[in-house]
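J.: My structure is in run_17.txt, and what it holds is compact mmCIF, C-alpha atoms and all ligand atoms:
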```
# COMPACT_ATOMS: atom_id res chain seq x y z
CA MET I 15 -1.48 -35.38 22.73
CA ALA I 16 -1.62 -31.61 22.68
CA GLU I 17 -4.61 -30.21 20.90
CA GLN I 18 -3.72 -28.18 17.85
CA LYS I 19 -4.30 -24.48 18.38
CA PRO I 20 -6.83 -23.06 15.95
CA GLU I 21 -5.42 -20.51 13.51
CA PHE I 22 -7.39 -17.45 14.54
CA TRP I 23 -5.52 -15.16 12.16
CA ARG I 24 -6.41 -17.20 9.09
CA TRP I 25 -8.54 -15.39 6.55
CA HIS I 26 -10.46 -16.60 3.56
CA GLU I 27 -8.68 -17.29 0.25
CA TYR I 28 -10.78 -17.28 -2.91
CA THR I 29 -11.03 -17.04 -6.67
CA TRP I 30 -13.80 -15.57 -8.82
CA ARG I 31 -14.59 -15.57 -12.52
CA ASP I 32 -17.25 -13.94 -14.69
CA GLU I 33 -19.08 -17.03 -16.01
CA GLY I 34 -21.00 -14.86 -18.48
CA LYS I 35 -17.89 -14.06 -20.49
CA ASN I 36 -15.95 -16.21 -22.94
CA TRP I 37 -12.42 -14.82 -23.01
CA LYS I 38 -11.97 -16.00 -26.60
CA ASP I 39 -14.44 -13.31 -27.68
CA TYR I 40 -12.06 -10.59 -26.56
CA GLU I 41 -8.93 -9.17 -28.08
CA LYS I 42 -6.98 -7.48 -25.29
CA ILE I 43 -6.27 -9.90 -22.46
CA THR I 44 -4.22 -8.32 -19.68
CA ALA I 45 -3.42 -9.12 -16.07
CA GLY I 46 -2.16 -7.52 -12.89
CA VAL I 47 -0.37 -9.42 -10.12
CA ASP I 48 0.08 -7.80 -6.71
CA ILE I 49 2.33 -9.69 -4.30
CA GLY I 50 1.99 -8.24 -0.83
CA SER I 51 3.87 -9.31 2.26
CA VAL I 52 0.74 -11.02 3.59
CA SER I 53 -1.54 -11.62 0.60
CA SER I 54 -1.10 -12.25 -3.13
CA LYS I 55 -3.69 -11.01 -5.60
CA ALA I 56 -4.16 -11.36 -9.34
CA ALA I 57 -6.76 -9.99 -11.75
CA ILE I 58 -7.36 -10.71 -15.44
CA MET I 59 -9.11 -8.18 -17.68
CA VAL I 60 -10.60 -8.70 -21.13
CA ASP I 61 -10.81 -5.46 -23.16
CA GLY I 62 -10.67 -3.54 -19.88
CA GLU I 63 -13.45 -5.48 -18.16
CA LEU I 64 -12.83 -7.63 -15.12
CA TYR I 65 -12.83 -11.32 -16.05
CA SER I 66 -11.37 -13.16 -13.05
CA TYR I 67 -9.47 -12.52 -9.83
CA SER I 68 -7.92 -14.37 -6.94
CA LEU I 69 -6.70 -13.77 -3.42
CA PHE I 70 -4.24 -16.07 -1.62
CA ARG I 71 -1.89 -15.95 1.29
CA THR I 72 1.70 -15.07 0.30
CA GLY I 73 4.03 -18.01 0.86
CA SER I 74 7.71 -17.98 1.66
CA SER I 75 8.58 -17.56 -2.03
CA SER I 76 7.27 -14.55 -3.97
CA PRO I 77 7.62 -16.16 -7.43
CA ASP I 78 5.62 -19.20 -6.24
CA SER I 79 2.96 -16.92 -4.75
CA ALA I 80 2.76 -15.01 -8.03
CA HIS I 81 2.26 -18.27 -9.96
CA LYS I 82 -0.37 -19.45 -7.51
CA ALA I 83 -2.32 -16.19 -7.74
CA ILE I 84 -2.37 -16.09 -11.55
CA GLN I 85 -3.12 -19.83 -11.73
CA GLY I 86 -6.15 -19.19 -9.52
CA CYS I 87 -7.44 -16.79 -12.21
CA LEU I 88 -6.72 -19.27 -15.02
CA ASP I 89 -8.07 -22.48 -13.51
CA GLY I 90 -11.11 -23.81 -15.28
CA THR I 91 -11.01 -21.15 -18.02
CA GLY I 92 -8.91 -23.02 -20.59
CA MET I 93 -6.74 -19.90 -20.75
CA THR I 94 -2.99 -20.26 -20.26
CA LEU I 95 -0.34 -17.77 -19.20
CA ASP I 96 0.66 -17.38 -22.87
CA ASP I 97 -2.83 -16.16 -23.77
CA ILE I 98 -2.34 -13.08 -21.59
CA LYS I 99 -0.88 -10.39 -23.80
CA PHE I 100 0.48 -8.08 -21.12
CA ILE I 101 1.12 -8.63 -17.40
CA VAL I 102 2.05 -5.95 -14.88
CA GLY I 103 3.56 -6.92 -11.53
CA THR I 104 3.38 -4.80 -8.42
CA GLY I 105 3.50 -4.91 -4.63
CA TYR I 106 5.96 -5.67 -1.93
CA GLY I 107 7.55 -8.45 -3.94
CA ARG I 108 6.87 -6.87 -7.31
CA VAL I 109 10.33 -7.63 -8.61
CA ASN I 110 9.43 -11.22 -7.91
CA VAL I 111 6.69 -11.65 -10.48
CA PRO I 112 8.90 -13.55 -12.93
CA PHE I 113 6.37 -13.61 -15.77
CA ALA I 114 5.51 -9.89 -15.66
CA HIS I 115 6.30 -7.78 -18.74
CA LYS I 116 6.71 -4.70 -16.57
CA THR I 117 6.54 -3.66 -12.95
CA VAL I 118 4.74 -0.56 -11.69
CA THR I 119 4.94 0.79 -8.13
CA GLU I 120 2.16 -0.26 -5.77
CA ILE I 121 1.39 3.38 -5.05
CA ALA I 122 0.50 3.99 -8.70
CA CYS I 123 -1.42 0.68 -8.91
CA HIS I 124 -3.51 1.25 -5.79
CA ALA I 125 -4.49 4.75 -6.92
CA ARG I 126 -5.35 3.56 -10.43
CA GLY I 127 -7.23 0.52 -9.14
CA ALA I 128 -9.30 2.30 -6.50
CA ASN I 129 -10.12 5.09 -8.98
CA SER I 130 -11.18 2.57 -11.65
CA MET I 131 -13.42 0.77 -9.14
CA ASN I 132 -15.05 4.05 -8.07
CA ALA I 133 -14.43 6.98 -10.41
CA GLY I 134 -14.95 9.55 -7.65
CA VAL I 135 -12.03 8.36 -5.53
CA ARG I 136 -9.30 10.99 -4.93
CA THR I 137 -7.82 9.91 -1.58
CA ILE I 138 -6.66 6.38 -0.96
CA LEU I 139 -5.48 4.97 2.30
CA ASP I 140 -3.77 1.67 1.60
CA MET I 141 -3.50 -0.44 4.73
CA GLY I 142 -1.49 -3.45 3.66
CA GLY I 143 0.24 -6.29 5.41
CA GLN I 144 3.40 -4.46 6.32
CA ASP I 145 2.98 -0.78 5.60
CA CYS I 146 0.42 1.92 5.25
CA LYS I 147 0.25 4.70 2.67
CA ALA I 148 -1.82 7.79 2.05
CA ILE I 149 -2.24 8.67 -1.65
CA LEU I 150 -3.93 11.56 -3.47
CA CYS I 151 -4.84 11.07 -7.14
CA ASP I 152 -6.48 13.04 -9.94
CA GLU I 153 -9.66 12.16 -11.86
CA ASN I 154 -7.71 9.66 -13.98
CA GLY I 155 -6.28 7.84 -11.01
CA LYS I 156 -2.83 9.34 -11.52
CA VAL I 157 -0.88 9.92 -8.29
CA GLN I 158 -0.50 13.54 -7.20
CA GLN I 159 0.97 13.00 -3.79
CA PHE I 160 1.87 10.09 -1.59
CA LEU I 161 3.21 9.57 1.86
CA MET I 162 4.02 6.58 3.96
CA ASN I 163 5.63 6.14 7.29
CA ASP I 164 8.85 4.31 6.47
CA LYS I 165 9.77 3.79 10.07
CA CYS I 166 6.76 2.32 11.74
CA ALA I 167 4.55 -0.50 10.55
CA ALA I 168 1.59 0.86 12.49
CA GLY I 169 -1.79 0.12 11.03
CA THR I 170 -0.82 -3.02 9.21
CA GLY I 171 -2.36 -6.41 8.60
CA ARG I 172 0.52 -8.27 10.16
CA GLY I 173 -0.05 -6.46 13.45
CA MET I 174 -3.73 -7.35 13.37
CA GLU I 175 -2.90 -11.02 12.79
CA VAL I 176 -0.62 -11.00 15.83
CA VAL I 177 -3.35 -9.49 18.00
CA SER I 178 -5.91 -11.99 16.70
CA ASP I 179 -3.64 -14.85 17.60
CA LEU I 180 -2.66 -13.43 20.98
CA LEU I 181 -6.26 -12.93 22.09
CA SER I 182 -7.59 -16.03 20.31
CA VAL I 183 -10.16 -14.04 18.35
CA PRO I 184 -10.82 -15.03 14.70
CA ILE I 185 -9.54 -12.18 12.52
CA GLY I 186 -12.95 -11.50 11.00
CA ASP I 187 -14.52 -11.00 14.43
CA ILE I 188 -12.14 -8.29 15.64
CA GLY I 189 -13.99 -5.39 14.02
CA PRO I 190 -17.52 -6.24 15.22
CA LEU I 191 -16.30 -7.19 18.71
CA SER I 192 -14.32 -3.98 19.09
CA LEU I 193 -17.37 -1.91 18.13
CA GLY I 194 -19.65 -3.56 20.69
CA VAL I 195 -17.95 -2.24 23.82
CA ASP I 196 -19.49 0.14 26.36
CA ARG I 197 -16.19 1.52 27.59
CA GLU I 198 -12.85 1.76 25.86
CA PRO I 199 -9.55 1.57 27.67
CA PRO I 200 -7.20 4.42 26.74
CA PRO I 201 -5.83 3.64 23.25
CA VAL I 202 -2.70 1.53 23.50
CA SER I 203 0.14 4.01 23.13
CA SER I 204 1.96 1.85 20.67
CA THR I 205 0.67 0.02 17.63
CA CYS I 206 4.05 -1.55 17.13
CA VAL I 207 3.59 -5.30 16.99
CA VAL I 208 6.08 -6.10 19.72
CA PHE I 209 4.91 -3.51 22.23
CA ALA I 210 1.24 -3.99 21.47
CA LYS I 211 1.56 -7.54 22.75
CA THR I 212 2.93 -6.40 26.10
CA GLU I 213 0.35 -3.63 26.37
CA ALA I 214 -2.53 -5.95 25.50
CA VAL I 215 -1.48 -8.38 28.20
CA GLY I 216 -1.18 -5.48 30.66
CA LEU I 217 -4.71 -4.25 29.90
CA LEU I 218 -6.15 -7.75 30.36
CA ARG I 219 -4.45 -7.91 33.73
CA GLU I 220 -5.99 -4.57 34.69
CA GLY I 221 -9.40 -6.14 34.23
CA PHE I 222 -10.40 -5.02 30.74
CA ASN I 223 -12.04 -7.75 28.69
CA VAL I 224 -10.92 -9.00 25.28
CA ALA I 225 -13.38 -6.84 23.31
CA GLU I 226 -12.21 -3.74 25.16
CA VAL I 227 -8.58 -4.51 24.47
CA LEU I 228 -9.43 -4.97 20.79
CA ALA I 229 -11.20 -1.61 20.86
CA ALA I 230 -8.09 0.02 22.28
CA TYR I 231 -5.92 -1.56 19.62
CA CYS I 232 -8.24 -0.58 16.74
CA ALA I 233 -8.47 2.99 18.09
CA ALA I 234 -4.68 3.30 18.30
CA MET I 235 -4.27 1.97 14.78
CA ALA I 236 -6.93 4.36 13.45
CA HIS I 237 -5.32 7.33 15.16
CA ARG I 238 -1.89 6.61 13.74
CA VAL I 239 -3.09 6.44 10.16
CA VAL I 240 -5.32 9.49 10.49
CA THR I 241 -2.24 11.62 11.23
CA LEU I 242 -0.72 10.19 8.05
CA ILE I 243 -3.75 11.12 5.90
CA GLN I 244 -4.01 14.57 7.45
CA ARG I 245 -0.55 15.38 6.15
CA VAL I 246 -1.67 14.90 2.54
CA GLY I 247 -5.20 16.21 3.23
CA VAL I 248 -8.43 14.38 2.45
CA LYS I 249 -10.22 14.99 -0.83
CA LYS I 250 -13.51 13.24 -1.46
CA GLU I 251 -14.15 10.49 -2.27
CA PHE I 252 -12.06 8.71 0.29
CA ALA I 253 -11.39 4.96 0.00
CA ILE I 254 -9.49 2.44 2.07
CA THR I 255 -7.69 -0.41 0.28
CA GLY I 256 -5.74 -3.39 1.56
CA GLY I 257 -6.56 -6.03 4.11
CA ILE I 258 -7.46 -3.73 7.00
CA SER I 259 -10.26 -2.22 4.88
CA LYS I 260 -12.19 -5.32 5.96
CA ASN I 261 -11.90 -4.50 9.65
CA ALA I 262 -14.91 -2.33 10.56
CA GLY I 263 -13.42 -1.67 14.00
CA VAL I 264 -10.56 0.28 12.41
CA VAL I 265 -12.52 1.72 9.45
CA LYS I 266 -15.33 3.20 11.59
CA ARG I 267 -12.85 4.79 13.95
CA ILE I 268 -10.89 6.34 11.05
CA GLU I 269 -14.12 7.74 9.59
CA LYS I 270 -15.11 9.19 12.93
CA GLU I 271 -11.78 10.85 13.57
CA LEU I 272 -11.52 12.23 10.02
CA GLY I 273 -15.16 13.20 9.78
CA VAL I 274 -15.32 11.60 6.31
CA GLU I 275 -16.95 8.33 5.34
CA ALA I 276 -15.02 5.83 3.24
CA VAL I 277 -16.74 4.83 -0.01
CA GLU I 278 -17.16 1.23 -0.92
CA ILE I 279 -15.04 -0.10 -3.77
CA ALA I 280 -16.42 -3.25 -5.32
CA PRO I 281 -15.76 -6.08 -5.72
CA ASP I 282 -13.10 -6.11 -2.99
CA ALA I 283 -10.88 -3.29 -1.72
CA GLN I 284 -8.07 -5.77 -1.23
CA LEU I 285 -7.87 -6.22 -5.03
CA ALA I 286 -7.22 -2.54 -5.84
CA GLY I 287 -3.51 -3.07 -6.49
CA ALA I 288 -4.05 -6.04 -8.82
CA ILE I 289 -6.89 -4.33 -10.68
CA GLY I 290 -4.82 -1.16 -11.02
CA ALA I 291 -1.93 -3.23 -12.39
CA ALA I 292 -4.26 -4.91 -14.91
CA ASN I 293 -5.40 -1.44 -16.01
CA PHE I 294 -1.79 -0.33 -16.52
CA ALA I 295 -1.27 -3.55 -18.50
CA LYS I 296 -4.23 -2.65 -20.72
CA ASP I 297 -2.73 0.77 -21.55
CA LEU I 298 0.73 -0.65 -22.11
CA LEU I 299 -0.66 -3.31 -24.43
CA ALA I 300 -2.57 -0.68 -26.40
CA LYS I 301 0.66 1.32 -26.77
CA GLN I 302 2.53 -1.78 -27.88
CA MET I 303 -0.13 -2.64 -30.46
CA ALA I 304 -0.17 0.93 -31.78
CA ARG I 305 3.60 0.81 -32.14
CA ALA I 306 3.44 -2.53 -33.95
CA ALA I 307 0.78 -1.17 -36.30
CA GLY I 308 3.21 1.74 -36.73
CA MET L 20 3.52 14.36 -7.99
CA LEU L 21 4.74 15.12 -4.49
CA ALA L 22 6.61 12.10 -3.17
CA ASN L 23 7.20 12.24 0.58
CA TYR L 24 10.01 10.10 1.94
CA GLY L 25 10.60 9.71 5.63
CA TYR L 26 8.54 9.21 8.75
CA SER L 27 7.03 10.76 11.81
CA ASP L 28 7.57 9.43 15.32
CA GLY L 29 7.24 10.66 18.88
CA SER L 30 9.97 13.25 18.37
CA GLY L 31 8.63 14.92 15.24
CA THR L 32 7.96 14.71 11.51
CA TYR L 33 10.81 14.11 9.10
CA TYR L 34 9.94 14.08 5.43
CA ILE L 35 11.91 14.97 2.33
CA THR L 36 9.47 15.95 -0.41
CA LEU L 37 10.42 15.52 -4.06
CA ASP L 38 8.23 17.27 -6.60
CA THR L 39 8.41 15.03 -9.68
CA ASP L 40 6.72 17.69 -11.82
CA LYS L 41 9.71 19.96 -11.18
CA CYS L 42 12.48 17.34 -11.13
CA ASP L 43 14.23 16.99 -14.51
CA GLY L 44 16.49 14.11 -13.52
CA CYS L 45 19.69 16.23 -13.75
CA ARG L 46 21.36 14.28 -10.91
CA ASP L 47 22.83 17.39 -9.27
CA CYS L 48 21.39 16.23 -5.93
CA VAL L 49 23.09 12.86 -6.32
CA THR L 50 26.48 14.59 -6.52
CA ALA L 51 25.71 17.20 -3.87
CA CYS L 52 24.46 15.01 -1.02
CA PRO L 53 27.33 14.01 1.29
CA GLN L 54 25.34 11.00 2.48
CA GLN L 55 24.52 9.76 -1.03
CA MET L 56 20.84 9.58 -0.26
CA PHE L 57 19.56 10.35 -3.77
CA LEU L 58 19.10 8.05 -6.70
CA VAL L 59 17.78 8.96 -10.14
CA GLU L 60 15.76 6.19 -11.74
CA PRO L 61 12.90 5.77 -14.22
CA ASP L 62 9.48 6.26 -12.62
CA ASP L 63 6.19 4.57 -13.61
CA TYR L 64 6.01 6.70 -16.75
CA ASP L 65 9.63 5.98 -17.76
CA ASP L 66 10.85 9.48 -16.90
CA ASP L 67 14.07 9.79 -14.90
CA LYS L 68 13.26 11.20 -11.46
CA ALA L 69 15.13 11.55 -8.17
CA VAL L 70 14.12 9.39 -5.19
CA ILE L 71 15.53 8.85 -1.70
CA LYS L 72 17.12 5.41 -1.44
CA GLU L 73 14.72 3.01 0.19
CA ALA L 74 17.02 1.79 2.95
CA MET L 75 17.69 5.39 4.04
CA ARG L 76 14.09 6.59 4.34
CA LYS L 77 13.75 5.48 7.93
CA ASP L 78 16.89 7.31 9.00
CA VAL L 79 16.54 10.73 7.32
CA LYS L 80 16.61 12.62 10.62
CA TYR L 81 20.00 11.22 11.58
CA LEU L 82 21.53 11.16 8.11
CA CYS L 83 20.67 14.81 7.44
CA ALA L 84 21.64 16.09 10.89
CA PRO L 85 25.23 17.04 9.93
CA CYS L 86 23.84 19.30 7.15
CA LYS L 87 21.46 21.12 9.47
CA PRO L 88 22.78 23.81 11.78
CA THR L 89 20.92 24.05 15.08
CA ALA L 90 20.85 27.86 14.83
CA GLY L 91 21.21 30.56 12.19
CA PRO L 92 20.48 30.44 8.46
CA ARG L 93 20.91 27.13 6.73
CA GLU L 94 21.76 26.06 3.24
CA LEU L 95 21.20 22.40 2.54
CA PRO L 96 23.49 21.04 -0.20
CA CYS L 97 20.59 19.17 -1.82
CA GLU L 98 18.16 22.10 -1.87
CA THR L 99 20.87 24.48 -3.11
CA ALA L 100 22.01 22.12 -5.86
CA CYS L 101 18.52 21.61 -7.22
CA THR L 102 17.91 24.47 -9.67
CA PRO L 103 14.22 23.68 -10.31
CA ARG L 104 13.64 23.63 -6.51
CA ALA L 105 12.16 20.17 -6.48
CA ILE L 106 13.46 19.25 -3.01
CA VAL L 107 11.91 20.44 0.26
CA HIS L 108 12.64 19.25 3.80
CA SER L 109 9.80 19.28 6.32
CA TRP L 110 12.02 19.94 9.31
S1 LIG Z 401 18.81 18.12 -8.44
FE1 LIG Z 401 16.58 18.44 -8.42
S2 LIG Z 401 16.01 18.32 -10.58
FE2 LIG Z 401 18.06 17.42 -10.43
S3 LIG Z 401 17.66 15.22 -10.16
FE3 LIG Z 401 17.84 16.10 -8.10
S4 LIG Z 401 15.75 16.59 -7.53
FE4 LIG Z 401 15.73 16.27 -9.73
S1 LIG Z 402 20.26 17.62 4.01
FE1 LIG Z 402 22.30 16.90 3.45
S2 LIG Z 402 22.30 14.70 3.91
FE2 LIG Z 402 20.16 15.39 3.88
S3 LIG Z 402 19.49 14.98 1.79
FE3 LIG Z 402 20.17 17.09 1.83
S4 LIG Z 402 22.34 17.01 1.22
FE4 LIG Z 402 21.73 14.91 1.76
```
Produce structure tokens that represent the structure in this file.

T.:
Amino acid sequence: MAEQKPEFWRWHEYTWRDEGKNWKDYEKITAGVDIGSVSSKAAIMVDGELYSYSLFRTGSSSPDSAHKAIQGCLDGTGMTLDDIKFIVGTGYGRVNVPFAHKTVTEIACHARGANSMNAGVRTILDMGGQDCKAILCDENGKVQQFLMNDKCAAGTGRGMEVVSDLLSVPIGDIGPLSLGVDREPPPVSSTCVVFAKTEAVGLLREGFNVAEVLAAYCAAMAHRVVTLIQRVGVKKEFAITGGISKNAGVVKRIEKELGVEAVEIAPDAQLAGAIGAANFAKDLLAKQMARAAG
Amino acid sequence: MLANYGYSDGSGTYYITLDTDKCDGCRDCVTACPQQMFLVEPDDYDDDKAVIKEAMRKDVKYLCAPCKPTAGPRELPCETACTPRAIVHSW
């Protein structure tokens, strides 16, 4: 019997909750749900403070993924969907969050989220599963300019998963491995998923080892997104959100080429969209309550 | 907000920039563009603003080519139609 191939691309799914808080003590319960092409995230806030969040892989159905993500935040809390007063949906499949009261673009949510996680953030580079965006925001996290490359999915999580699988390297090891090389092959000319495969195989054949090929791929990805950010200009602080923010091999190379270090945004840069959406939900709920109080 | 729609590739950089602070949602660009690339829809703050249709963003270079003379002065229907000057092409 053929041995099952390990899933090198598979990353860690998780949920978290603030055990020190009892949600029943709070008045404004809001949530944000961010359905990306690769990962689904949800965050619940109580009176504007983070209460719980979750991160799962997006399945074939966006509505199911949305339910799974929010359920991950609810499990074990005794809270139900009906207890959440306002839910904002966002992301790649944002029209597919069936229980959302409103949808907000992911550009606005990422800026708001990253800025709420670190108040100094003005430039956000969102490196998601299927696209990559450069965003400038003001001190309130409101978008001033954004740009994405609508043609090329360079610098995306999906591409990294393909490379991980092709070279049989667990996805979490790519960054460290790519940074440990003594020599780097010339950056692969294309970060397009299809061509990268061919180029990676070619480099291996030329005698470069796996770590060196990874280095070339990370360098190419970093270079492509740096040209994107340079078009909007970098204002400090600079933060990277989305799945690739966890790949030090790409992050370090972006920092080096830009000459700017990326700030850390806790608890997890991948949650910026969901946390931003929950923040929008908080404001929208406040507006709704003010209107009701009339 | 400056919203940049388009892409850059090996041949150059092709972005249409819409300044949402200037755009008043008048829809003149929607009528003027021979390729019907504009759409006016509510943004995140519920104000009507022009955007480039999503499916067309990766083809702006080709779609706009007929409007752009290779030599001499040019007058793009979209830029001319927009009184507040909210539309700018990068190429
Ligand atoms: S013509 Fe200009 S102001 Fe009017 S909708 Fe288009 S972009 Fe906005
Ligand atoms: S240049 Fe022509 S085709 Fe392109 S957006 Fe303007 S009016 Fe439309």

J.: Within 6 Å of range 69-84 of chain L, counting all atoms listed in the file, which residues show up once you throw out same-chain ones fewer than 2 positions away? Write them as a list in words, please.

T.: Asp164 and Lys165 of chain I; Tyr24, Gly25, Met56, Phe57, Leu58, Val59, Cys86 and Lys87 of chain L

J.: So how many Å separate CA of Asp196 in chain I and CA of Asn261 in chain I, to one decimal?

T.: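 Rounded to one decimal, the two atoms are 18.9 Å apart.
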
J.: Quick one: everything within 7 Å of range 55-70 of chain I, counting only C-alpha atoms, minus sequence neighbours fewer than 6 positions away in the same chain. Send it as a ChimeraX atom specification.

T.: /I:27-32,37,40-49,83-84,86-87,285,288-289,292-293,296

J.: Do me a favour and pick out the residues of chain I within 9 Å of chain L, using only C-alpha atoms, as a compact mmCIF listing (two decimals) with C-alpha atoms, in the frame of the given file.

T.:
```txt
# COMPACT_ATOMS: atom_id res chain seq x y z
CA THR I 117 6.54 -3.66 -12.95
CA VAL I 118 4.74 -0.56 -11.69
CA THR I 119 4.94 0.79 -8.13
CA ALA I 122 0.50 3.99 -8.70
CA LYS I 156 -2.83 9.34 -11.52
CA VAL I 157 -0.88 9.92 -8.29
CA GLN I 158 -0.50 13.54 -7.20
CA GLN I 159 0.97 13.00 -3.79
CA PHE I 160 1.87 10.09 -1.59
CA LEU I 161 3.21 9.57 1.86
CA MET I 162 4.02 6.58 3.96
CA ASN I 163 5.63 6.14 7.29
CA ASP I 164 8.85 4.31 6.47
CA LYS I 165 9.77 3.79 10.07
CA CYS I 166 6.76 2.32 11.74
CA LEU I 242 -0.72 10.19 8.05
```

J.: Within 8 Å of ligand LIG 401 (chain Z), which residues of chain L show up? Give each one with its shortest atom-to-atom distance in Å (one decimal) and the two atoms involved, counting only C-alpha atoms and all ligand atoms, rows by chain then rising residue number, as a Markdown table.

T.:
```
| residue | atom | partner | partner_atom | distance |
| --- | --- | --- | --- | --- |
| L:Leu37 | CA | Z:LIG401 | S4 | 6.4 |
| L:Asp38 | CA | Z:LIG401 | S4 | 7.6 |
| L:Thr39 | CA | Z:LIG401 | FE4 | 7.4 |
| L:Lys41 | CA | Z:LIG401 | S2 | 6.5 |
| L:Cys42 | CA | Z:LIG401 | FE4 | 3.7 |
| L:Asp43 | CA | Z:LIG401 | S2 | 4.5 |
| L:Gly44 | CA | Z:LIG401 | S3 | 3.7 |
| L:Cys45 | CA | Z:LIG401 | FE2 | 3.9 |
| L:Arg46 | CA | Z:LIG401 | S3 | 3.9 |
| L:Asp47 | CA | Z:LIG401 | S1 | 4.2 |
| L:Cys48 | CA | Z:LIG401 | S1 | 4.1 |
| L:Val49 | CA | Z:LIG401 | FE3 | 6.4 |
| L:Phe57 | CA | Z:LIG401 | FE3 | 7.4 |
| L:Val59 | CA | Z:LIG401 | S3 | 6.3 |
| L:Lys68 | CA | Z:LIG401 | FE4 | 5.9 |
| L:Ala69 | CA | Z:LIG401 | S3 | 4.9 |
| L:Val70 | CA | Z:LIG401 | S4 | 7.7 |
| L:Cys97 | CA | Z:LIG401 | S1 | 6.9 |
| L:Glu98 | CA | Z:LIG401 | FE1 | 7.7 |
| L:Ala100 | CA | Z:LIG401 | S1 | 5.7 |
| L:Cys101 | CA | Z:LIG401 | S1 | 3.7 |
| L:Thr102 | CA | Z:LIG401 | FE1 | 6.3 |
| L:Pro103 | CA | Z:LIG401 | S2 | 5.7 |
| L:Arg104 | CA | Z:LIG401 | FE1 | 6.3 |
| L:Ala105 | CA | Z:LIG401 | FE1 | 5.1 |
| L:Ile106 | CA | Z:LIG401 | S4 | 5.7 |
```

J.: Report as a list of chain:residue names all protein, DNA and RNA residues lying within 10 Å of Arg197 in chain I, evaluated on all atoms listed in the file, omitting residues in the same chain fewer than 3 positions from it.

T.: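 The residues satisfying every condition are I:Gly194, I:Pro200, I:Phe222, I:Ala225, I:Glu226, I:Ala229, I:Ala230.
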
J.: So what do you get for CA of Ile138 in chain I versus CA of Ala253 in chain I, distance-wise?

T.: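 CA of Ala253 in chain I lies 5.0 Å from CA of Ile138 in chain I.
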
J.: Between CA of Glu220 in chain I and CA of Leu180 in chain I, what is the distance, to one decimal in Å?

T.: 16.7 Å

J.: Of the candidates L:Asp66, L:Pro88, L:Ala51, L:Arg93, which shows the shortest atom-to-atom distance to ligand LIG 402 (chain Z), using all atoms listed in the file?

T.: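 Of all the options, L:Ala51 lies closest to ligand LIG 402 (chain Z).
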
J.: Please define a box with edges along x, y and z of the file around all atoms of range 45-50 of chain L given in the file, extend it by 6 Å on each side, and return its centre and edge lengths in Å to one decimal, as JSON.

T.:
```
{"center_x": 23.1, "center_y": 15.1, "center_z": -9.8, "size_x": 18.8, "size_y": 16.5, "size_z": 19.8}
```

J.: I want to know what sits within 7 Å of Phe252 in chain I, based on only C-alpha atoms, with residues of the same chain fewer than 3 positions away left out; could you give that as a list in words?

T.: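 Non-adjacent residues within range: Val135, Arg136, Thr137, Ile138, Lys249, Ala276 and Val277 of chain I.
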
J.: From the list I:Ala128, I:Ile101, I:Glu33, I:Asp96, which residue is nearest Leu299 in chain I when using only C-alpha atoms?

T.: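 The closest residue to Leu299 in chain I is I:Ile101.
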
J.: Taking all atoms listed in the file into account, name the residue in I:Gly90, I:Val195, I:Gly103, I:Gly34 that is nearest to Ala295 in chain I.

T.: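 Checking each candidate against Ala295 in chain I, we get I:Gly103 as the closest.
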
J.: Near Met131 in chain I, within 10 Å and counting all atoms listed in the file, which residues show up once chain neighbours fewer than 4 positions away are dropped, as JSON, numbers by chain?

T.: {"I": [126, 127, 135, 278, 279, 280, 281, 282, 283, 285, 286, 289, 290]}

J.: Using all atoms listed in the file, can you tell me which of L:Pro85, L:Gly31, L:Pro92, L:Pro61 comes closest to ligand LIG 402 (chain Z)?

T.: L:Pro85
